[in-house]
>>> print(open('final-v2.cif').read())   # mmCIF, C-alpha atoms
data_input
#
loop_
_atom_site.label_atom_id
_atom_site.label_comp_id
_atom_site.auth_asym_id
_atom_site.auth_seq_id
_atom_site.Cartn_x
_atom_site.Cartn_y
_atom_site.Cartn_z
CA ASP A 22 19.09 8.99 -2.54
CA GLY A 23 17.09 6.82 -0.18
CA GLY A 24 14.18 4.65 -1.19
CA ILE A 25 12.86 1.32 -2.33
CA THR A 26 13.85 -0.08 -5.69
CA GLN A 27 12.23 -2.89 -7.58
CA SER A 28 13.56 -4.53 -10.67
CA PRO A 29 12.79 -5.14 -13.39
CA LYS A 30 9.88 -2.77 -14.09
CA TYR A 31 8.40 -5.16 -16.65
CA LEU A 32 8.92 -8.91 -16.70
CA PHE A 33 7.71 -11.55 -19.09
CA ARG A 34 7.87 -15.25 -18.47
CA LYS A 35 6.66 -18.40 -20.08
CA GLU A 36 4.28 -20.72 -18.32
CA GLY A 37 6.05 -23.25 -16.13
CA GLN A 38 9.04 -21.01 -15.37
CA ASN A 39 9.99 -19.64 -12.00
CA VAL A 40 10.89 -15.97 -11.85
CA THR A 41 12.42 -13.82 -9.10
CA LEU A 42 11.48 -10.20 -8.47
CA SER A 43 14.00 -7.98 -6.74
CA CYS A 44 13.29 -5.54 -3.92
CA GLU A 45 15.98 -3.46 -2.24
CA GLN A 46 15.70 -0.68 0.34
CA ASN A 47 18.30 1.63 1.83
CA LEU A 48 15.98 3.19 4.40
CA ASN A 49 17.21 0.97 7.21
CA HIS A 50 13.68 -0.32 7.72
CA ASP A 51 13.26 -3.55 9.64
CA ALA A 52 10.07 -4.80 8.02
CA MET A 53 9.45 -5.56 4.37
CA TYR A 54 6.37 -6.72 2.46
CA TRP A 55 5.22 -8.07 -0.88
CA TYR A 56 1.80 -7.30 -2.33
CA ARG A 57 0.01 -8.30 -5.48
CA GLN A 58 -2.41 -5.99 -7.31
CA ASP A 59 -4.81 -7.07 -10.04
CA PRO A 60 -6.49 -4.57 -12.38
CA GLY A 61 -9.01 -2.35 -10.60
CA GLN A 62 -8.36 -4.05 -7.28
CA GLY A 63 -6.66 -3.18 -4.05
CA LEU A 64 -3.42 -4.72 -2.85
CA ARG A 65 -3.26 -8.19 -1.35
CA LEU A 66 -0.47 -9.29 0.99
CA ILE A 67 1.71 -12.17 -0.18
CA TYR A 68 4.52 -12.34 2.40
CA TYR A 69 6.03 -10.09 5.02
CA SER A 70 9.22 -10.09 7.04
CA GLN A 71 9.77 -8.32 10.33
CA ILE A 72 13.47 -9.10 10.70
CA VAL A 73 16.30 -10.78 8.83
CA ASN A 74 15.96 -14.55 8.40
CA ASP A 75 12.29 -14.47 9.38
CA PHE A 76 9.15 -14.12 7.28
CA GLN A 77 5.46 -14.96 7.46
CA LYS A 78 2.81 -15.85 4.92
CA GLY A 79 0.25 -13.25 4.03
CA ASP A 80 -3.20 -13.81 2.63
CA ILE A 81 -2.20 -15.24 -0.77
CA ALA A 82 1.18 -16.97 -0.26
CA GLU A 83 0.47 -20.09 -2.30
CA GLY A 84 2.75 -20.34 -5.33
CA TYR A 85 5.21 -17.76 -3.98
CA SER A 86 8.41 -17.95 -1.95
CA VAL A 87 10.67 -15.35 -0.33
CA SER A 88 13.97 -15.03 1.50
CA ARG A 89 15.35 -12.38 3.85
CA GLU A 90 19.08 -12.93 4.12
CA LYS A 91 19.90 -9.23 4.36
CA LYS A 92 18.04 -6.34 5.93
CA GLU A 93 18.11 -4.43 2.65
CA SER A 94 16.79 -7.17 0.39
CA PHE A 95 13.55 -9.16 0.17
CA PRO A 96 13.31 -11.04 -3.16
CA LEU A 97 10.08 -12.71 -4.24
CA THR A 98 10.02 -15.85 -6.37
CA VAL A 99 6.91 -16.57 -8.37
CA THR A 100 6.89 -20.30 -8.91
CA SER A 101 5.22 -22.38 -11.57
CA ALA A 102 2.73 -23.43 -8.90
CA GLN A 103 1.14 -19.97 -8.97
CA LYS A 104 -1.94 -20.49 -11.14
CA ASN A 105 -2.46 -16.91 -12.26
CA PRO A 106 0.79 -14.98 -11.84
CA THR A 107 0.12 -12.12 -14.26
CA ALA A 108 -0.22 -9.07 -12.00
CA PHE A 109 1.45 -5.94 -10.66
CA TYR A 110 3.76 -6.72 -7.75
CA LEU A 111 4.60 -4.16 -5.10
CA CYS A 112 7.24 -4.26 -2.42
CA ALA A 113 7.09 -2.11 0.70
CA SER A 114 9.10 -1.49 3.83
CA SER A 115 8.04 0.05 7.09
CA ILE A 116 9.29 1.98 10.06
CA ARG A 117 7.72 2.55 13.43
CA GLN A 118 6.23 6.03 13.72
CA PHE A 119 4.06 7.31 16.55
CA ASN A 120 3.33 3.82 17.84
CA THR A 121 2.30 2.47 14.45
CA ASP A 122 4.09 1.31 11.34
CA THR A 123 3.96 3.34 8.15
CA GLN A 124 4.65 1.46 4.94
CA TYR A 125 6.49 2.96 1.98
CA PHE A 126 6.19 1.36 -1.43
CA GLY A 127 8.48 0.73 -4.35
CA PRO A 128 7.57 1.49 -7.98
CA GLY A 129 6.36 -2.04 -8.71
CA THR A 130 7.09 -4.82 -11.20
CA ARG A 131 4.52 -5.81 -13.80
CA LEU A 132 4.73 -9.52 -14.48
CA THR A 133 3.14 -10.99 -17.58
CA VAL A 134 2.96 -14.70 -18.25
CA LEU A 135 2.94 -15.53 -21.93
CA LEU B 9 -8.07 -5.55 11.51
CA ALA B 10 -10.84 -3.04 10.95
CA LYS B 11 -12.56 -2.99 7.58
CA THR B 12 -13.07 0.29 5.76
CA THR B 13 -15.74 1.51 3.35
CA GLN B 14 -15.14 4.28 0.83
CA PRO B 15 -17.01 5.59 -2.23
CA ILE B 16 -15.94 3.77 -5.35
CA SER B 17 -15.46 6.92 -7.38
CA MET B 18 -15.68 10.72 -7.19
CA ASP B 19 -15.47 13.51 -9.72
CA SER B 20 -14.24 17.05 -9.18
CA TYR B 21 -12.92 20.05 -11.06
CA GLU B 22 -9.64 21.84 -10.87
CA GLY B 23 -9.41 24.31 -7.99
CA GLN B 24 -12.13 22.68 -5.90
CA GLU B 25 -11.72 21.13 -2.48
CA VAL B 26 -12.32 17.39 -2.41
CA ASN B 27 -13.42 15.49 0.66
CA ILE B 28 -13.28 11.70 0.67
CA THR B 29 -14.96 10.02 3.60
CA CYS B 30 -14.05 6.60 4.91
CA SER B 31 -16.16 4.55 7.28
CA HIS B 32 -14.50 2.25 9.82
CA ASN B 33 -17.16 1.34 12.35
CA ASN B 34 -15.17 -1.35 14.16
CA ILE B 35 -11.96 0.58 14.60
CA ALA B 36 -10.01 -0.56 17.64
CA THR B 37 -8.73 1.69 20.39
CA ASN B 38 -5.15 1.53 19.25
CA ASP B 39 -5.78 1.73 15.51
CA TYR B 40 -4.43 4.56 13.40
CA ILE B 41 -5.96 5.80 10.16
CA THR B 42 -3.71 6.08 7.12
CA TRP B 43 -4.38 7.34 3.60
CA TYR B 44 -2.44 6.44 0.49
CA GLN B 45 -2.56 7.77 -3.07
CA GLN B 46 -1.85 5.58 -6.08
CA PHE B 47 -1.31 6.54 -9.71
CA PRO B 48 -1.62 3.92 -12.47
CA SER B 49 1.30 1.50 -12.60
CA GLN B 50 2.96 3.06 -9.55
CA GLY B 51 3.27 2.08 -5.93
CA PRO B 52 0.96 3.71 -3.37
CA ARG B 53 2.29 6.90 -1.85
CA PHE B 54 1.75 7.73 1.83
CA ILE B 55 -0.34 10.88 2.20
CA ILE B 56 -1.31 11.33 5.82
CA GLN B 57 -1.90 9.46 9.06
CA GLY B 58 -3.82 10.30 12.19
CA TYR B 59 -5.37 9.00 15.39
CA LYS B 60 -7.93 11.62 16.37
CA THR B 61 -9.11 15.19 15.71
CA LYS B 62 -7.31 16.88 12.84
CA VAL B 63 -3.99 16.33 11.15
CA THR B 64 -2.63 18.59 8.42
CA ASN B 65 0.44 18.41 6.25
CA GLU B 66 1.58 20.08 3.05
CA VAL B 67 -0.57 17.79 0.93
CA ALA B 68 -3.84 17.18 2.77
CA SER B 69 -5.85 17.34 5.96
CA LEU B 70 -7.37 14.45 7.84
CA PHE B 71 -10.45 14.98 9.99
CA ILE B 72 -11.37 12.35 12.56
CA PRO B 73 -14.48 12.79 14.75
CA ALA B 74 -14.50 11.94 18.42
CA ASP B 75 -16.03 8.46 17.92
CA ARG B 76 -13.37 7.65 15.28
CA LYS B 77 -15.85 5.58 13.28
CA SER B 78 -15.14 7.58 10.16
CA SER B 79 -12.51 9.89 8.76
CA THR B 80 -12.37 12.44 5.96
CA LEU B 81 -9.42 13.15 3.72
CA SER B 82 -9.50 16.71 2.46
CA LEU B 83 -7.55 17.75 -0.61
CA PRO B 84 -7.48 21.53 -1.04
CA ARG B 85 -7.70 23.04 -4.52
CA VAL B 86 -7.17 19.87 -6.53
CA SER B 87 -5.43 19.84 -9.87
CA LEU B 88 -5.45 17.37 -12.74
CA SER B 89 -2.41 15.67 -11.21
CA ASP B 90 -4.52 14.66 -8.20
CA THR B 91 -6.42 12.19 -10.38
CA ALA B 92 -5.62 8.90 -8.68
CA VAL B 93 -6.97 6.16 -6.45
CA TYR B 94 -7.09 6.98 -2.74
CA TYR B 95 -7.00 4.23 -0.12
CA CYS B 96 -8.10 4.53 3.49
CA LEU B 97 -6.58 1.98 5.86
CA VAL B 98 -6.95 1.27 9.53
CA GLY B 99 -4.27 -0.63 11.34
CA PRO B 100 -3.07 -1.65 14.75
CA SER B 101 -0.40 0.18 16.60
CA GLY B 102 2.35 -1.45 18.52
CA GLY B 103 3.03 -4.08 15.90
CA TYR B 104 3.80 -4.62 12.29
CA ASN B 105 0.98 -3.40 10.21
CA LYS B 106 -0.78 -5.95 8.02
CA LEU B 107 -2.54 -3.45 5.83
CA ILE B 108 -5.85 -4.37 4.24
CA PHE B 109 -6.37 -2.50 1.00
CA GLY B 110 -9.89 -2.24 -0.36
CA ALA B 111 -10.62 -1.06 -3.90
CA GLY B 112 -10.13 2.57 -2.85
CA THR B 113 -11.78 5.71 -4.21
CA ARG B 114 -11.06 6.60 -7.81
CA LEU B 115 -10.89 10.41 -7.98
CA ALA B 116 -11.15 12.05 -11.40
CA VAL B 117 -10.31 15.73 -11.60
CA HIS B 118 -11.61 17.52 -14.69
CA PRO B 119 -10.45 20.77 -16.28
#
>>> encode(input="final-v2.cif", output="C-alpha cells")
Amino acid sequence: DGGITQSPKYLFRKEGQNVTLSCEQNLNHDAMYWYRQDPGQGLRLIYYSQIVNDFQKGDIAEGYSVSREKKESFPLTVTSAQKNPTAFYLCASSIRQFNTDTQYFGPGTRLTVL
Amino acid sequence: LAKTTQPISMDSYEGQEVNITCSHNNIATNDYITWYQQFPSQGPRFIIQGYKTKVTNEVASLFIPADRKSSTLSLPRVSLSDTAVYYCLVGPSGGYNKLIFGAGTRLAVHP
C-alpha cells in the first residue's frame, strides 16, 4: 500500500520543548516538502528537499529544522524558537509528470502547544 | 511564481454542476495549472492538472482558454461529499514545484 504517512496525528507539547514530526513515503519520490496550515488559511512552505542530504528553506523556515538522511524520510523538528507553533503540519512528496512536478500530501499532524 | 485569484466561497446543491474559476494573469509560458481538494483536518488531494484546452478525468474537468490567464474547474453532479476547499495553483515546469497556496475556494454543497 503506497503512500505518505505522518505520525503522530495529534501532538501536544509544552512551551520550550522541541518536538519532531515524522514523514515517511514509499512512493520512491525524490522531492519532499513540509507545509504549515493555520485555520482558514492556505498552506505555507517551511522546508523542501530535492534529494537526499540536501534541503532548502521555504518561506517560513525560522524555528524549524529538517534532515534528509534517507530518500523515504523527511522529519521536521519544531524548536522552542518557533514563536507560534500550534498549527496543522503537512508533508508532501513529488514526482515529475509531464514536465512538471505533482505533489502528493500526507494526512497531516496537528500540533498543539499547551 | 504566478499568483492566483479564486472566489472565497461558493454554494451549490446536490446534483448540480459546479464551476470554480481561477484567475492567473501573469502565468508563465511553462507553467502548469493544478487543482487540489482539501477536507478539514486532511492533506490536500490532487484533482487535476493541465496546460491548455481541456483536461478530463474521472473526478473533474479543467478548462483552460487559449490565453491561459484563467482556468475553470468543473465538478459534475456534486454531492454532499464534495464539500471542501479547492485550491488552484500555478507552477513552473522543469523544476521542483514551490507551490503557493492561497486561501482557496470553500465549496458548500447543500441537500
>>> resolve_selection(input="final-v2.cif", expression="the PyMOL selection byres ((chain A) within 6 of (chain B))", output="PyMOL selection string")
chain A and resi 62-64+120-122+126-129
>>> atom_distance(input="final-v2.cif", atom1="CA of Arg85 in chain B", atom2="CA of Ala116 in chain B")
13.4 Å
>>> atom_distance(input="final-v2.cif", atom1="CA of Pro84 in chain B", atom2="CA of Asn27 in chain B")
8.6 Å
>>> closest_residue(input="final-v2.cif", among="A:Thr130, A:Thr107, A:Thr123, A:Gln77", to="Ile55 in chain B", atoms="only C-alpha atoms")
A:Thr123
>>> resolve_selection(input="final-v2.cif", expression="the PyMOL selection byres ((chain A and resi 47) around 12)", output="list of chain:residue names")
A:Asp22, A:Gly23, A:Gly24, A:Ile25, A:Thr26, A:Cys44, A:Glu45, A:Gln46, A:Leu48, A:Asn49, A:His50, A:Asp51, A:Met53, A:Lys91, A:Lys92, A:Glu93, A:Ser94, A:Phe95, A:Ala113, A:Ser114, A:Ser115, A:Tyr125, A:Gly127
>>> atom_distance(input="final-v2.cif", atom1="CA of Pro29 in chain A", atom2="CA of Leu66 in chain A")
20.0 Å
>>> axis_aligned_box(input="final-v2.cif", around="range 75-94 of chain B", padding_each_side="5 Å", output="lines of an AutoDock Vina configuration file")
center_x = -9.2
center_y = 14.3
center_z = 2.6
size_x = 23.6
size_y = 27.5
size_z = 40.7
>>> resolve_selection(input="final-v2.cif", expression="the PyMOL selection byres ((chain B and resi 21) around 9)", output="PyMOL selection string")
chain B and resi 19-20+22-25+85-88+116-119
>>> closest_residue(input="final-v2.cif", among="A:Leu97, A:Ile72, A:Cys112, A:Leu42", to="Tyr85 in chain A", atoms="all atoms listed in the file")
A:Leu97
>>> residues_near_point(input="final-v2.cif", point="(-13.6, 11.2, 11.0)", cutoff="9 Å", atoms="all atoms listed in the file", output="VMD selection string")
chain B and resid 29 to 31 60 to 62 70 to 81
>>> residues_around(input="final-v2.cif", residues="Ser69 in chain B", least_positions_apart="4", cutoff="7 Å", atoms="all atoms listed in the file", output="compact mmCIF listing (two decimals) with C-alpha atoms, keeping the file's coordinate frame")
# COMPACT_ATOMS: atom_id res chain seq x y z
CA VAL B 63 -3.99 16.33 11.15
CA THR B 64 -2.63 18.59 8.42
CA ASN B 65 0.44 18.41 6.25
CA LEU B 81 -9.42 13.15 3.72
CA SER B 82 -9.50 16.71 2.46
CA LEU B 83 -7.55 17.75 -0.61
>>> closest_residue(input="final-v2.cif", among="A:Ile116, A:Val99, A:Val73, A:Ala52", to="Thr133 in chain A", atoms="all atoms listed in the file")
A:Val99
>>> decode(input="final-v2.cif", residues="range 98-121 of chain A", atoms="N, CA, C and O atoms", output="PDB file, in the first residue's frame")
ATOM      1  N   THR A  98      11.593  19.064  12.767  1.00  0.00           N
ATOM      2  CA  THR A  98      11.676  19.402  14.187  1.00  0.00           C
ATOM      3  C   THR A  98      11.189  20.826  14.398  1.00  0.00           C
ATOM      4  O   THR A  98      11.672  21.755  13.746  1.00  0.00           O
ATOM      5  N   VAL A  99      10.227  20.952  15.281  1.00  0.00           N
ATOM      6  CA  VAL A  99       9.726  22.265  15.664  1.00  0.00           C
ATOM      7  C   VAL A  99      10.464  22.642  16.942  1.00  0.00           C
ATOM      8  O   VAL A  99      10.309  21.979  17.977  1.00  0.00           O
ATOM      9  N   THR A 100      11.280  23.652  16.871  1.00  0.00           N
ATOM     10  CA  THR A 100      12.107  24.005  18.007  1.00  0.00           C
ATOM     11  C   THR A 100      11.407  25.023  18.908  1.00  0.00           C
ATOM     12  O   THR A 100      10.408  25.631  18.525  1.00  0.00           O
ATOM     13  N   SER A 101      12.000  25.239  20.056  1.00  0.00           N
ATOM     14  CA  SER A 101      11.433  26.203  21.003  1.00  0.00           C
ATOM     15  C   SER A 101      11.544  27.634  20.470  1.00  0.00           C
ATOM     16  O   SER A 101      10.912  28.548  20.995  1.00  0.00           O
ATOM     17  N   ALA A 102      12.329  27.810  19.424  1.00  0.00           N
ATOM     18  CA  ALA A 102      12.475  29.142  18.833  1.00  0.00           C
ATOM     19  C   ALA A 102      11.274  29.532  17.966  1.00  0.00           C
ATOM     20  O   ALA A 102      11.122  30.709  17.620  1.00  0.00           O
ATOM     21  N   GLN A 103      10.443  28.567  17.645  1.00  0.00           N
ATOM     22  CA  GLN A 103       9.245  28.869  16.842  1.00  0.00           C
ATOM     23  C   GLN A 103       8.224  29.533  17.754  1.00  0.00           C
ATOM     24  O   GLN A 103       7.748  28.918  18.708  1.00  0.00           O
ATOM     25  N   LYS A 104       7.877  30.775  17.455  1.00  0.00           N
ATOM     26  CA  LYS A 104       7.069  31.590  18.366  1.00  0.00           C
ATOM     27  C   LYS A 104       5.619  31.129  18.467  1.00  0.00           C
ATOM     28  O   LYS A 104       4.991  31.252  19.507  1.00  0.00           O
ATOM     29  N   ASN A 105       5.083  30.611  17.396  1.00  0.00           N
ATOM     30  CA  ASN A 105       3.672  30.221  17.401  1.00  0.00           C
ATOM     31  C   ASN A 105       3.519  28.879  16.698  1.00  0.00           C
ATOM     32  O   ASN A 105       3.049  28.821  15.560  1.00  0.00           O
ATOM     33  N   PRO A 106       3.918  27.789  17.341  1.00  0.00           N
ATOM     34  CA  PRO A 106       3.982  26.506  16.655  1.00  0.00           C
ATOM     35  C   PRO A 106       2.649  25.776  16.511  1.00  0.00           C
ATOM     36  O   PRO A 106       2.574  24.824  15.745  1.00  0.00           O
ATOM     37  N   THR A 107       1.630  26.186  17.222  1.00  0.00           N
ATOM     38  CA  THR A 107       0.346  25.491  17.122  1.00  0.00           C
ATOM     39  C   THR A 107      -0.205  25.646  15.715  1.00  0.00           C
ATOM     40  O   THR A 107      -0.472  26.759  15.262  1.00  0.00           O
ATOM     41  N   ALA A 108      -0.351  24.518  14.999  1.00  0.00           N
ATOM     42  CA  ALA A 108      -0.796  24.548  13.608  1.00  0.00           C
ATOM     43  C   ALA A 108      -0.978  23.117  13.118  1.00  0.00           C
ATOM     44  O   ALA A 108      -0.697  22.146  13.820  1.00  0.00           O
ATOM     45  N   PHE A 109      -1.433  23.010  11.890  1.00  0.00           N
ATOM     46  CA  PHE A 109      -1.580  21.732  11.193  1.00  0.00           C
ATOM     47  C   PHE A 109      -0.406  21.615  10.239  1.00  0.00           C
ATOM     48  O   PHE A 109      -0.170  22.497   9.410  1.00  0.00           O
ATOM     49  N   TYR A 110       0.367  20.534  10.368  1.00  0.00           N
ATOM     50  CA  TYR A 110       1.579  20.373   9.562  1.00  0.00           C
ATOM     51  C   TYR A 110       1.380  19.271   8.529  1.00  0.00           C
ATOM     52  O   TYR A 110       0.947  18.157   8.857  1.00  0.00           O
ATOM     53  N   LEU A 111       1.722  19.603   7.306  1.00  0.00           N
ATOM     54  CA  LEU A 111       1.523  18.684   6.186  1.00  0.00           C
ATOM     55  C   LEU A 111       2.832  18.397   5.487  1.00  0.00           C
ATOM     56  O   LEU A 111       3.608  19.304   5.191  1.00  0.00           O
ATOM     57  N   CYS A 112       3.044  17.139   5.211  1.00  0.00           N
ATOM     58  CA  CYS A 112       4.209  16.683   4.463  1.00  0.00           C
ATOM     59  C   CYS A 112       3.750  16.274   3.076  1.00  0.00           C
ATOM     60  O   CYS A 112       2.627  15.765   2.907  1.00  0.00           O
ATOM     61  N   ALA A 113       4.588  16.489   2.090  1.00  0.00           N
ATOM     62  CA  ALA A 113       4.259  16.100   0.721  1.00  0.00           C
ATOM     63  C   ALA A 113       5.504  15.554   0.041  1.00  0.00           C
ATOM     64  O   ALA A 113       6.634  15.808   0.468  1.00  0.00           O
ATOM     65  N   SER A 114       5.282  14.792  -1.010  1.00  0.00           N
ATOM     66  CA  SER A 114       6.381  14.359  -1.864  1.00  0.00           C
ATOM     67  C   SER A 114       5.943  14.539  -3.307  1.00  0.00           C
ATOM     68  O   SER A 114       4.746  14.653  -3.590  1.00  0.00           O
ATOM     69  N   SER A 115       6.912  14.593  -4.197  1.00  0.00           N
ATOM     70  CA  SER A 115       6.535  14.867  -5.583  1.00  0.00           C
ATOM     71  C   SER A 115       7.330  14.035  -6.566  1.00  0.00           C
ATOM     72  O   SER A 115       8.435  13.569  -6.297  1.00  0.00           O
ATOM     73  N   ILE A 116       6.700  13.880  -7.734  1.00  0.00           N
ATOM     74  CA  ILE A 116       7.290  13.149  -8.836  1.00  0.00           C
ATOM     75  C   ILE A 116       7.106  13.956 -10.105  1.00  0.00           C
ATOM     76  O   ILE A 116       6.119  14.666 -10.259  1.00  0.00           O
ATOM     77  N   ARG A 117       8.051  13.850 -10.993  1.00  0.00           N
ATOM     78  CA  ARG A 117       7.962  14.579 -12.249  1.00  0.00           C
ATOM     79  C   ARG A 117       6.938  13.929 -13.154  1.00  0.00           C
ATOM     80  O   ARG A 117       6.975  12.740 -13.412  1.00  0.00           O
ATOM     81  N   GLN A 118       5.956  14.732 -13.608  1.00  0.00           N
ATOM     82  CA  GLN A 118       4.945  14.245 -14.535  1.00  0.00           C
ATOM     83  C   GLN A 118       4.720  15.297 -15.600  1.00  0.00           C
ATOM     84  O   GLN A 118       4.430  16.436 -15.282  1.00  0.00           O
ATOM     85  N   PHE A 119       4.842  14.912 -16.844  1.00  0.00           N
ATOM     86  CA  PHE A 119       4.546  15.815 -17.961  1.00  0.00           C
ATOM     87  C   PHE A 119       5.290  17.141 -17.815  1.00  0.00           C
ATOM     88  O   PHE A 119       4.710  18.215 -17.960  1.00  0.00           O
ATOM     89  N   ASN A 120       6.539  17.074 -17.487  1.00  0.00           N
ATOM     90  CA  ASN A 120       7.408  18.243 -17.404  1.00  0.00           C
ATOM     91  C   ASN A 120       7.060  19.165 -16.239  1.00  0.00           C
ATOM     92  O   ASN A 120       7.452  20.331 -16.234  1.00  0.00           O
ATOM     93  N   THR A 121       6.326  18.694 -15.280  1.00  0.00           N
ATOM     94  CA  THR A 121       6.110  19.453 -14.059  1.00  0.00           C
ATOM     95  C   THR A 121       6.034  18.476 -12.910  1.00  0.00           C
ATOM     96  O   THR A 121       5.927  17.277 -13.106  1.00  0.00           O
TER      97      THR A 121
END
